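Q: See data26.txt below, with compact mmCIF, C-alpha atoms (C1' of nucleotides).
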```txt
# COMPACT_ATOMS: atom_id res chain seq x y z
CA MET P 1 -30.56 -10.67 13.77
CA ASP P 2 -28.20 -7.83 14.43
CA THR P 3 -28.94 -4.29 13.52
CA LEU P 4 -26.14 -2.06 12.36
CA ARG P 5 -26.59 -0.17 15.60
CA ASP P 6 -26.05 -3.34 17.62
CA ILE P 7 -22.86 -4.13 15.78
CA CYS P 8 -21.48 -0.69 16.49
CA ARG P 9 -22.34 -0.77 20.13
CA ARG P 10 -21.09 -4.25 20.69
CA ALA P 11 -17.78 -3.06 19.29
CA GLY P 12 -17.82 -0.25 21.82
CA LEU P 13 -18.36 2.45 19.22
CA LYS P 14 -21.00 5.12 19.27
CA ALA P 15 -23.67 4.50 16.68
CA THR P 16 -23.62 7.68 14.63
CA HIS P 17 -25.41 8.22 11.33
CA GLN P 18 -22.11 8.18 9.50
CA ARG P 19 -20.98 4.93 11.04
CA LEU P 20 -24.24 3.17 10.38
CA GLU P 21 -24.14 4.10 6.73
CA ILE P 22 -20.47 3.24 6.36
CA LEU P 23 -21.14 -0.10 7.99
CA ARG P 24 -24.16 -0.71 5.79
CA GLU P 25 -22.09 -0.15 2.67
CA MET P 26 -19.24 -2.25 3.95
CA LEU P 27 -21.41 -5.22 4.82
CA GLN P 28 -23.10 -5.31 1.46
CA ALA P 29 -19.93 -4.69 -0.53
CA LYS P 30 -18.72 -7.56 -2.64
CA ASP P 31 -15.62 -5.91 -4.05
CA HIS P 32 -13.24 -5.19 -1.17
CA PRO P 33 -13.64 -1.44 -1.44
CA SER P 34 -11.20 1.29 -0.58
CA ALA P 35 -11.99 4.17 1.75
CA GLU P 36 -12.63 6.39 -1.22
CA GLN P 37 -15.08 3.93 -2.75
CA ILE P 38 -17.01 3.61 0.48
CA HIS P 39 -17.07 7.36 0.73
CA GLN P 40 -18.59 7.66 -2.73
CA ARG P 41 -21.27 5.13 -1.87
CA VAL P 42 -22.15 6.59 1.48
CA LEU P 43 -22.45 10.04 -0.07
CA ARG P 44 -25.56 8.88 -1.90
CA ARG P 45 -27.47 8.51 1.35
CA LEU P 46 -25.56 10.95 3.49
CA PRO P 47 -24.33 13.77 1.26
CA THR P 48 -22.27 15.41 3.98
CA VAL P 49 -19.92 12.69 5.25
CA SER P 50 -16.33 13.66 4.88
CA LEU P 51 -13.67 11.40 3.51
CA ASP P 52 -11.61 11.54 6.65
CA THR P 53 -14.52 10.32 8.73
CA VAL P 54 -14.68 7.34 6.43
CA TYR P 55 -10.98 6.72 6.94
CA ARG P 56 -11.30 6.99 10.69
CA THR P 57 -14.40 4.85 10.82
CA LEU P 58 -13.04 2.06 8.68
CA ALA P 59 -9.90 2.01 10.78
CA ALA P 60 -12.00 1.83 13.94
CA PHE P 61 -14.15 -1.02 12.59
CA ASP P 62 -11.01 -2.83 11.60
CA GLN P 63 -9.42 -2.42 15.01
CA HIS P 64 -12.54 -3.72 16.68
CA GLY P 65 -12.79 -6.72 14.39
CA VAL P 66 -16.00 -5.68 12.67
CA ILE P 67 -14.37 -5.71 9.26
CA ALA P 68 -10.90 -6.72 8.08
CA ARG P 69 -8.25 -4.82 6.25
CA VAL P 70 -7.24 -6.72 3.16
CA PHE P 71 -3.61 -6.99 3.91
CA SER P 72 -1.42 -4.60 2.05
CA SER P 73 1.73 -4.95 3.98
CA ALA P 74 2.55 -1.33 4.65
CA SER P 75 2.33 2.27 3.67
CA CYS P 76 4.91 1.61 1.01
CA VAL P 77 5.96 -0.99 -1.52
CA ARG P 78 8.56 -3.52 -0.44
CA TYR P 79 10.78 -5.70 -2.56
CA ASP P 80 12.06 -9.22 -2.21
CA PRO P 81 15.32 -10.38 -3.80
CA ALA P 82 14.37 -14.05 -3.82
CA PRO P 83 12.25 -15.35 -6.64
CA GLU P 84 12.19 -18.89 -5.21
CA ARG P 85 9.03 -19.78 -3.42
CA HIS P 86 8.83 -18.98 0.23
CA ASP P 87 6.28 -17.62 2.59
CA HIS P 88 6.20 -14.48 4.68
CA PHE P 89 5.59 -13.72 8.30
CA VAL P 90 4.34 -10.15 8.49
CA CYS P 91 4.04 -8.18 11.71
CA VAL P 92 0.79 -6.29 11.81
CA LYS P 93 2.26 -3.75 14.22
CA CYS P 94 5.57 -2.77 12.67
CA ASN P 95 5.20 -4.33 9.20
CA ARG P 96 8.43 -6.22 9.48
CA ILE P 97 8.53 -9.06 6.98
CA MET P 98 10.39 -12.27 7.63
CA ASP P 99 10.79 -15.23 5.32
CA CYS P 100 9.38 -18.45 6.63
CA ARG P 101 8.01 -21.82 5.61
CA VAL P 102 4.44 -22.86 6.17
CA SER P 103 3.86 -26.59 5.99
CA GLY P 104 1.41 -27.52 3.30
CA ALA P 105 2.12 -24.40 1.28
CA GLY P 106 3.75 -26.42 -1.47
CA ARG P 107 0.63 -28.53 -1.85
CA LEU P 108 -1.81 -25.70 -2.35
CA ARG P 109 -3.86 -26.10 -5.50
CA VAL P 110 -6.13 -23.72 -7.30
CA PRO P 111 -9.48 -25.32 -8.11
CA ALA P 112 -10.89 -25.04 -11.62
CA THR P 113 -13.45 -22.50 -10.46
CA VAL P 114 -10.66 -20.07 -9.69
CA ARG P 115 -9.21 -20.53 -13.15
CA THR P 116 -12.33 -18.86 -14.51
CA MET P 117 -11.31 -15.73 -12.63
CA GLY P 118 -8.12 -15.38 -14.63
CA THR P 119 -4.67 -16.82 -15.14
CA VAL P 120 -2.80 -17.78 -12.01
CA GLU P 121 0.79 -16.60 -11.69
CA ARG P 122 1.58 -17.70 -8.18
CA ILE P 123 0.16 -18.50 -4.79
CA GLN P 124 1.52 -16.58 -1.84
CA VAL P 125 1.04 -17.48 1.79
CA GLU P 126 1.18 -14.75 4.38
CA VAL P 127 1.32 -15.39 8.09
CA ARG P 128 0.05 -12.38 9.97
CA GLY P 129 0.82 -11.77 13.58
CA VAL P 130 2.84 -9.71 16.00
CA CYS P 131 6.60 -10.13 15.91
CA ILE P 132 8.62 -10.83 19.07
CA ARG P 133 10.18 -7.42 18.94
CA CYS P 134 6.80 -5.74 19.08
CA LEU P 135 5.63 -8.13 21.77
CA ASN P 136 8.57 -7.16 23.93
CA ARG P 137 8.30 -3.50 23.25
CA ALA P 138 5.14 -2.13 24.83
CA ARG P 139 4.68 0.53 22.21
CA GLY P 140 6.12 -0.16 18.79
CA ARG P 141 5.04 2.98 17.12
CA ARG P 142 8.14 4.03 15.25
CA ARG P 143 8.10 3.42 11.52
CA TRP P 144 9.46 -0.03 10.83
CA TRP P 145 12.13 1.28 8.54
CA LYS P 146 13.49 3.55 11.23
CA GLN P 147 13.91 0.63 13.58
CA THR P 148 17.13 -1.34 13.81
CA PRO P 149 17.04 -3.90 11.03
CA GLU P 150 16.68 -7.61 11.76
CA MET E 1 28.40 -17.14 -11.68
CA ASP E 2 26.45 -14.11 -12.77
CA THR E 3 27.77 -10.63 -12.44
CA LEU E 4 25.35 -7.87 -11.65
CA ARG E 5 26.00 -6.59 -15.14
CA ASP E 6 24.95 -9.92 -16.63
CA ILE E 7 21.73 -9.93 -14.70
CA CYS E 8 20.85 -6.48 -15.95
CA ARG E 9 21.62 -7.26 -19.52
CA ARG E 10 19.83 -10.56 -19.54
CA ALA E 11 16.78 -8.68 -18.33
CA GLY E 12 17.16 -6.35 -21.28
CA LEU E 13 18.16 -3.38 -19.16
CA LYS E 14 21.17 -1.18 -19.64
CA ALA E 15 23.78 -1.78 -16.98
CA THR E 16 24.25 1.65 -15.47
CA HIS E 17 26.17 2.43 -12.29
CA GLN E 18 22.97 3.18 -10.48
CA ARG E 19 21.33 -0.06 -11.50
CA LEU E 20 24.29 -2.16 -10.54
CA GLU E 21 24.41 -0.63 -7.08
CA ILE E 22 20.68 -0.88 -6.59
CA LEU E 23 20.79 -4.50 -7.66
CA ARG E 24 23.72 -5.21 -5.38
CA GLU E 25 21.84 -3.85 -2.40
CA MET E 26 18.68 -5.67 -3.32
CA LEU E 27 20.37 -9.03 -3.70
CA GLN E 28 22.09 -8.84 -0.36
CA ALA E 29 19.09 -7.44 1.49
CA LYS E 30 17.50 -9.72 4.04
CA ASP E 31 14.72 -7.44 5.15
CA HIS E 32 12.41 -6.83 2.19
CA PRO E 33 13.37 -3.18 1.87
CA SER E 34 11.34 -0.28 0.55
CA ALA E 35 12.51 2.04 -2.20
CA GLU E 36 13.54 4.58 0.39
CA GLN E 37 15.61 2.04 2.29
CA ILE E 38 17.42 0.93 -0.84
CA HIS E 39 18.03 4.55 -1.69
CA GLN E 40 19.66 5.14 1.68
CA ARG E 41 21.90 2.13 1.26
CA VAL E 42 22.91 2.91 -2.29
CA LEU E 43 23.76 6.48 -1.31
CA ARG E 44 26.70 5.16 0.69
CA ARG E 45 28.48 4.00 -2.44
CA LEU E 46 26.91 6.32 -4.96
CA PRO E 47 26.15 9.62 -3.24
CA THR E 48 24.31 11.10 -6.18
CA VAL E 49 21.56 8.61 -6.99
CA SER E 50 18.16 10.15 -6.79
CA LEU E 51 15.22 8.56 -5.09
CA ASP E 52 13.14 8.51 -8.22
CA THR E 53 15.79 6.55 -10.05
CA VAL E 54 15.54 3.98 -7.33
CA TYR E 55 11.79 3.86 -7.74
CA ARG E 56 12.08 3.48 -11.49
CA THR E 57 14.81 0.91 -11.27
CA LEU E 58 13.10 -1.29 -8.70
CA ALA E 59 9.94 -1.19 -10.79
CA ALA E 60 11.94 -2.20 -13.86
CA PHE E 61 13.66 -5.07 -12.07
CA ASP E 62 10.30 -6.22 -10.82
CA GLN E 63 8.73 -6.11 -14.26
CA HIS E 64 11.58 -8.11 -15.69
CA GLY E 65 11.43 -10.71 -12.97
CA VAL E 66 14.80 -9.90 -11.41
CA ILE E 67 13.25 -9.15 -8.04
CA ALA E 68 9.70 -9.45 -6.72
CA ARG E 69 7.42 -6.91 -5.22
CA VAL E 70 6.19 -8.13 -1.88
CA PHE E 71 2.57 -8.02 -2.62
CA SER E 72 0.76 -5.10 -1.13
CA SER E 73 -2.44 -5.30 -2.99
CA ALA E 74 -2.67 -1.77 -4.25
CA SER E 75 -1.86 1.85 -3.84
CA CYS E 76 -4.52 2.07 -1.20
CA VAL E 77 -5.95 0.13 1.69
CA ARG E 78 -8.90 -2.11 0.97
CA TYR E 79 -11.43 -3.58 3.36
CA ASP E 80 -13.21 -6.88 3.56
CA PRO E 81 -16.60 -7.28 5.24
CA ALA E 82 -16.20 -11.03 5.85
CA PRO E 83 -14.30 -12.15 8.89
CA GLU E 84 -14.74 -15.85 8.01
CA ARG E 85 -11.75 -17.48 6.45
CA HIS E 86 -11.44 -17.26 2.73
CA ASP E 87 -8.73 -16.68 0.21
CA HIS E 88 -8.22 -13.96 -2.33
CA PHE E 89 -7.57 -13.87 -6.02
CA VAL E 90 -5.81 -10.60 -6.77
CA CYS E 91 -5.28 -9.23 -10.24
CA VAL E 92 -1.77 -7.87 -10.60
CA LYS E 93 -2.88 -5.54 -13.40
CA CYS E 94 -5.99 -3.85 -12.05
CA ASN E 95 -5.80 -4.90 -8.37
CA ARG E 96 -9.27 -6.32 -8.41
CA ILE E 97 -9.77 -8.67 -5.47
CA MET E 98 -12.09 -11.65 -5.65
CA ASP E 99 -12.88 -14.11 -2.90
CA CYS E 100 -11.97 -17.68 -3.69
CA ARG E 101 -11.07 -21.01 -2.14
CA VAL E 102 -7.71 -22.62 -2.50
CA SER E 103 -7.66 -26.33 -1.75
CA GLY E 104 -5.34 -27.18 1.07
CA ALA E 105 -5.57 -23.72 2.59
CA GLY E 106 -7.44 -25.05 5.59
CA ARG E 107 -4.66 -27.51 6.33
CA LEU E 108 -1.81 -25.02 6.42
CA ARG E 109 0.17 -25.24 9.63
CA VAL E 110 2.76 -22.95 11.07
CA PRO E 111 5.87 -24.86 12.17
CA ALA E 112 7.31 -24.26 15.59
CA THR E 113 10.20 -22.33 14.11
CA VAL E 114 7.80 -19.66 12.93
CA ARG E 115 6.33 -19.38 16.39
CA THR E 116 9.67 -17.98 17.51
CA MET E 117 9.10 -15.06 15.16
CA GLY E 118 6.01 -13.94 17.03
CA THR E 119 2.40 -14.78 17.71
CA VAL E 120 0.37 -15.92 14.75
CA GLU E 121 -3.01 -14.29 14.21
CA ARG E 122 -3.98 -15.78 10.90
CA ILE E 123 -2.73 -17.31 7.70
CA GLN E 124 -3.82 -15.68 4.50
CA VAL E 125 -3.53 -17.20 1.04
CA GLU E 126 -3.29 -14.91 -1.94
CA VAL E 127 -3.57 -16.08 -5.51
CA ARG E 128 -1.89 -13.63 -7.82
CA GLY E 129 -2.63 -13.48 -11.51
CA VAL E 130 -4.36 -11.54 -14.23
CA CYS E 131 -8.15 -11.40 -14.12
CA ILE E 132 -10.29 -12.27 -17.13
CA ARG E 133 -11.32 -8.70 -17.56
CA CYS E 134 -7.72 -7.58 -17.93
CA LEU E 135 -6.98 -10.51 -20.21
CA ASN E 136 -9.80 -9.49 -22.51
CA ARG E 137 -8.98 -5.85 -22.43
CA ALA E 138 -5.70 -5.25 -24.26
CA ARG E 139 -4.80 -2.27 -22.15
CA GLY E 140 -6.23 -2.22 -18.66
CA ARG E 141 -4.65 0.95 -17.50
CA ARG E 142 -7.53 2.67 -15.79
CA ARG E 143 -7.52 2.61 -11.99
CA TRP E 144 -9.36 -0.42 -10.75
CA TRP E 145 -11.82 1.62 -8.75
CA LYS E 146 -12.87 3.60 -11.79
CA GLN E 147 -13.74 0.42 -13.63
CA THR E 148 -17.23 -1.02 -13.59
CA PRO E 149 -17.47 -3.08 -10.42
CA GLU E 150 -17.70 -6.88 -10.53
C1' DA X 1 24.13 7.77 -33.07
C1' DT X 2 20.38 6.81 -30.51
C1' DA X 3 17.27 4.72 -27.49
C1' DG X 4 17.03 4.44 -23.05
C1' DA X 5 18.34 6.12 -18.33
C1' DT X 6 19.10 9.83 -15.04
C1' DG X 7 18.36 13.96 -11.92
C1' DC X 8 15.65 17.61 -10.72
C1' DA X 9 11.56 19.75 -9.46
C1' DA X 10 6.84 19.68 -9.34
C1' DA X 11 2.54 17.20 -9.15
C1' DA X 12 -0.46 13.57 -7.93
C1' DT X 13 -2.26 10.30 -4.70
C1' DG X 14 -3.58 8.33 -0.48
C1' DT X 15 -3.72 9.03 4.35
C1' DT X 16 -3.26 11.41 8.82
C1' DT X 17 -3.68 15.20 12.07
C1' DG X 18 -5.07 19.47 14.90
C1' DC X 19 -8.75 21.83 16.20
C1' DA X 20 -13.22 23.78 17.03
C1' DG X 21 -17.78 22.43 17.13
C1' DT X 22 -21.61 18.66 17.43
C1' DG X 23 -24.31 14.96 19.02
C1' DG X 24 -24.81 10.12 21.11
C1' DC X 25 -25.26 8.13 25.48
C1' DG R 1 -23.07 17.11 30.49
C1' DC R 2 -19.35 14.59 29.00
C1' DC R 3 -16.62 12.55 25.83
C1' DA R 4 -16.32 10.45 21.60
C1' DC R 5 -17.07 11.74 17.09
C1' DT R 6 -17.30 14.83 12.99
C1' DG R 7 -15.91 18.19 9.34
C1' DC R 8 -12.68 21.15 7.66
C1' DA R 9 -8.31 22.39 6.16
C1' DA R 10 -3.81 21.72 6.21
C1' DA R 11 0.08 18.54 6.74
C1' DC R 12 2.38 14.37 5.46
C1' DA R 13 4.26 10.44 3.05
C1' DT R 14 4.83 7.84 -0.92
C1' DT R 15 5.01 7.52 -5.67
C1' DT R 16 4.71 9.40 -10.40
C1' DT R 17 5.66 12.60 -14.16
C1' DG R 18 7.72 16.14 -17.56
C1' DC R 19 11.68 17.60 -19.27
C1' DA R 20 16.46 18.56 -20.31
C1' DT R 21 20.67 16.13 -20.07
C1' DC R 22 23.59 12.28 -20.18
C1' DT R 23 25.43 7.50 -21.29
C1' DA R 24 25.64 2.46 -22.42
C1' DT R 25 25.40 0.02 -26.33
```
Could you rewrite the structure in this file as structure tokens?
A:
Amino acid sequence: MDTLRDICRRAGLKATHQRLEILREMLQAKDHPSAEQIHQRVLRRLPTVSLDTVYRTLAAFDQHGVIARVFSSASCVRYDPAPERHDHFVCVKCNRIMDCRVSGAGRLRVPATVRTMGTVERIQVEVRGVCIRCLNRARGRRRWWKQTPE
Amino acid sequence: MDTLRDICRRAGLKATHQRLEILREMLQAKDHPSAEQIHQRVLRRLPTVSLDTVYRTLAAFDQHGVIARVFSSASCVRYDPAPERHDHFVCVKCNRIMDCRVSGAGRLRVPATVRTMGTVERIQVEVRGVCIRCLNRARGRRRWWKQTPE
DNA sequence: ATAGATGCAAAATGTTTGCAGTGGC
DNA sequence: GCCACTGCAAACATTTTGCATCTAT
């Protein structure tokens, strides 16, 4: 079995108190917490961690594949003119969103067990990856909305 | 054919200059724009619209089903401890996220045409709806992370 | 006429950054 | 000892709100 320390080191990150506690909370979380929530929880054991350390640490764990960001396409809300069903290709680097079709998407069904969670309004498929533009451009750091459209 | 004015009125919204222009830009947009982007574009024809009107208007159009918010699960980033593939049920009211399984999700395939958009890292299925808790509670206005977990 | 929409300015929220100091390796 | 990491405070970006004014119906 892997200790928290092992996980950190294997990811190439120094195993500090803060990180171990943040990781502990993350791994036992069942609710997809935000940075602020993790901060609150870690404070119980480590009353001095700062919120920005939590931000930095979660981002680092995400980048090294230890945890995963629940996708929330960008730093801002985006709108779609088309109400008809279609899927999205979203670039994880620049957040560009392109409409696409994923085969099998029309046949997705929600099992009865999910119905107990609430009422289903729609099922959305998101393809995450790196767009060609970002692949070509070594560093795609400019904000997506300042880049030339399409 | 529907004029912009018709669309507004059918949604129960007053057809103001601002709204018509915002709607025009939205309907011809191909890039899933943000509020700020729409604001920039509308400014060309209507140099006095304010950014907050754009925010309010887009939110109104969204609520009345004229356009759709590209889902970005919440106002803040959320993390997931589990790297194994699973789907998410997301409550559109309180933003609670629950793990679930959608049948057919494992068989989704990305057609070759999508490959030209970039490299695919993963396919994520999101079930959007209203969770039982929000259904039971008439007004679920509190921030999700201030509600009792699970 | 009036309910609803707008513009402005200010606040709230979530996240990032620069920097000096600390601590893991 | 070195370099990555931390805490603090301040900056930043996005979105929301209160209020007086305006306007579509």
Q: Closest to DG14 in chain X among R:DT15, R:DC5, R:DA10, R:DT25, using only C-alpha atoms (C1' of nucleotides)?
A: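 Using only C-alpha atoms (C1' of nucleotides), the shortest distance to DG14 in chain X belongs to R:DT15.
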Q: Can you work out which residues from chain R touch chain E at a cut-off of 12 Å (counting all atoms listed in the file) and hand them back as a ChimeraX atom specification?
A: /R:13-17,22-25
Q: Show me, as a PyMOL selection string, the residues of chain E whose atoms get within 6 Å of chain P, using all atoms listed in the file for the distance check.
A: chain E and resi 26-27+32-34+67-70+72-73+77-81+102-104+108-110+117-132
Q: Based on the selection just made, write C-alpha atoms of those residues as a PDB file, keeping the file's coordinate frame.
A:
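Just written: selection.pdb:
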```pdb
ATOM      1  CA  MET E  26      18.680  -5.670  -3.320  1.00  0.00           C
ATOM      2  CA  LEU E  27      20.370  -9.030  -3.700  1.00  0.00           C
ATOM      3  CA  HIS E  32      12.410  -6.830   2.190  1.00  0.00           C
ATOM      4  CA  PRO E  33      13.370  -3.180   1.870  1.00  0.00           C
ATOM      5  CA  SER E  34      11.340  -0.280   0.550  1.00  0.00           C
ATOM      6  CA  ILE E  67      13.250  -9.150  -8.040  1.00  0.00           C
ATOM      7  CA  ALA E  68       9.700  -9.450  -6.720  1.00  0.00           C
ATOM      8  CA  ARG E  69       7.420  -6.910  -5.220  1.00  0.00           C
ATOM      9  CA  VAL E  70       6.190  -8.130  -1.880  1.00  0.00           C
ATOM     10  CA  SER E  72       0.760  -5.100  -1.130  1.00  0.00           C
ATOM     11  CA  SER E  73      -2.440  -5.300  -2.990  1.00  0.00           C
ATOM     12  CA  VAL E  77      -5.950   0.130   1.690  1.00  0.00           C
ATOM     13  CA  ARG E  78      -8.900  -2.110   0.970  1.00  0.00           C
ATOM     14  CA  TYR E  79     -11.430  -3.580   3.360  1.00  0.00           C
ATOM     15  CA  ASP E  80     -13.210  -6.880   3.560  1.00  0.00           C
ATOM     16  CA  PRO E  81     -16.600  -7.280   5.240  1.00  0.00           C
ATOM     17  CA  VAL E 102      -7.710 -22.620  -2.500  1.00  0.00           C
ATOM     18  CA  SER E 103      -7.660 -26.330  -1.750  1.00  0.00           C
ATOM     19  CA  GLY E 104      -5.340 -27.180   1.070  1.00  0.00           C
ATOM     20  CA  LEU E 108      -1.810 -25.020   6.420  1.00  0.00           C
ATOM     21  CA  ARG E 109       0.170 -25.240   9.630  1.00  0.00           C
ATOM     22  CA  VAL E 110       2.760 -22.950  11.070  1.00  0.00           C
ATOM     23  CA  MET E 117       9.100 -15.060  15.160  1.00  0.00           C
ATOM     24  CA  GLY E 118       6.010 -13.940  17.030  1.00  0.00           C
ATOM     25  CA  THR E 119       2.400 -14.780  17.710  1.00  0.00           C
ATOM     26  CA  VAL E 120       0.370 -15.920  14.750  1.00  0.00           C
ATOM     27  CA  GLU E 121      -3.010 -14.290  14.210  1.00  0.00           C
ATOM     28  CA  ARG E 122      -3.980 -15.780  10.900  1.00  0.00           C
ATOM     29  CA  ILE E 123      -2.730 -17.310   7.700  1.00  0.00           C
ATOM     30  CA  GLN E 124      -3.820 -15.680   4.500  1.00  0.00           C
ATOM     31  CA  VAL E 125      -3.530 -17.200   1.040  1.00  0.00           C
ATOM     32  CA  GLU E 126      -3.290 -14.910  -1.940  1.00  0.00           C
ATOM     33  CA  VAL E 127      -3.570 -16.080  -5.510  1.00  0.00           C
ATOM     34  CA  ARG E 128      -1.890 -13.630  -7.820  1.00  0.00           C
ATOM     35  CA  GLY E 129      -2.630 -13.480 -11.510  1.00  0.00           C
ATOM     36  CA  VAL E 130      -4.360 -11.540 -14.230  1.00  0.00           C
ATOM     37  CA  CYS E 131      -8.150 -11.400 -14.120  1.00  0.00           C
ATOM     38  CA  ILE E 132     -10.290 -12.270 -17.130  1.00  0.00           C
TER      39      ILE E 132
END
```
Q: Set the cut-off to 8 Å and count all atoms listed in the file: what are the residues of chain X that reach chain E? Output as number ranges by chain.
A: X: 4-7, 14
Q: Please report the interatomic distance between CA of Thr3 in chain E and CA of Glu21 in chain E in Å with one decimal.
A: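 Spanning CA of Thr3 in chain E to CA of Glu21 in chain E is a straight-line distance of 11.8 Å.
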Q: What's around Leu4 in chain E at 8 Å? Count all atoms listed in the file, leave out sequence neighbours fewer than 4 positions away in its own chain, and write the answer as number ranges by chain.
A: E: 8, 20, 23-24
Q: Find the residues around DG18 in chain X up to 10 Å (only C-alpha atoms (C1' of nucleotides) counted), leave out those fewer than 2 positions away in its own chain, and share them as number ranges by chain.
A: X: 20; R: 9-11
Q: Keeping only C-alpha atoms (C1' of nucleotides), write the selected residues as a CSV table (one decimal), in the frame of the given file.
A:
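File produced: part11.csv:
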```
chain,number,residue,atom,x,y,z
X,20,DA,C1',-13.2,23.8,17.0
R,9,DA,C1',-8.3,22.4,6.2
R,10,DA,C1',-3.8,21.7,6.2
R,11,DA,C1',0.1,18.5,6.7
```
Q: Grab the C1' of DT6 in chain R to C1' of DT22 in chain X distance for me, in Å with one decimal place.
A: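 Atom-to-atom, C1' of DT6 in chain R to C1' of DT22 in chain X, that is 7.3 Å.
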Q: Report, in Å with one decimal, the straight-line distance from CA of Gln63 in chain E to C1' of DA12 in chain X.
A: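 CA of Gln63 in chain E sits 22.6 Å away from C1' of DA12 in chain X.
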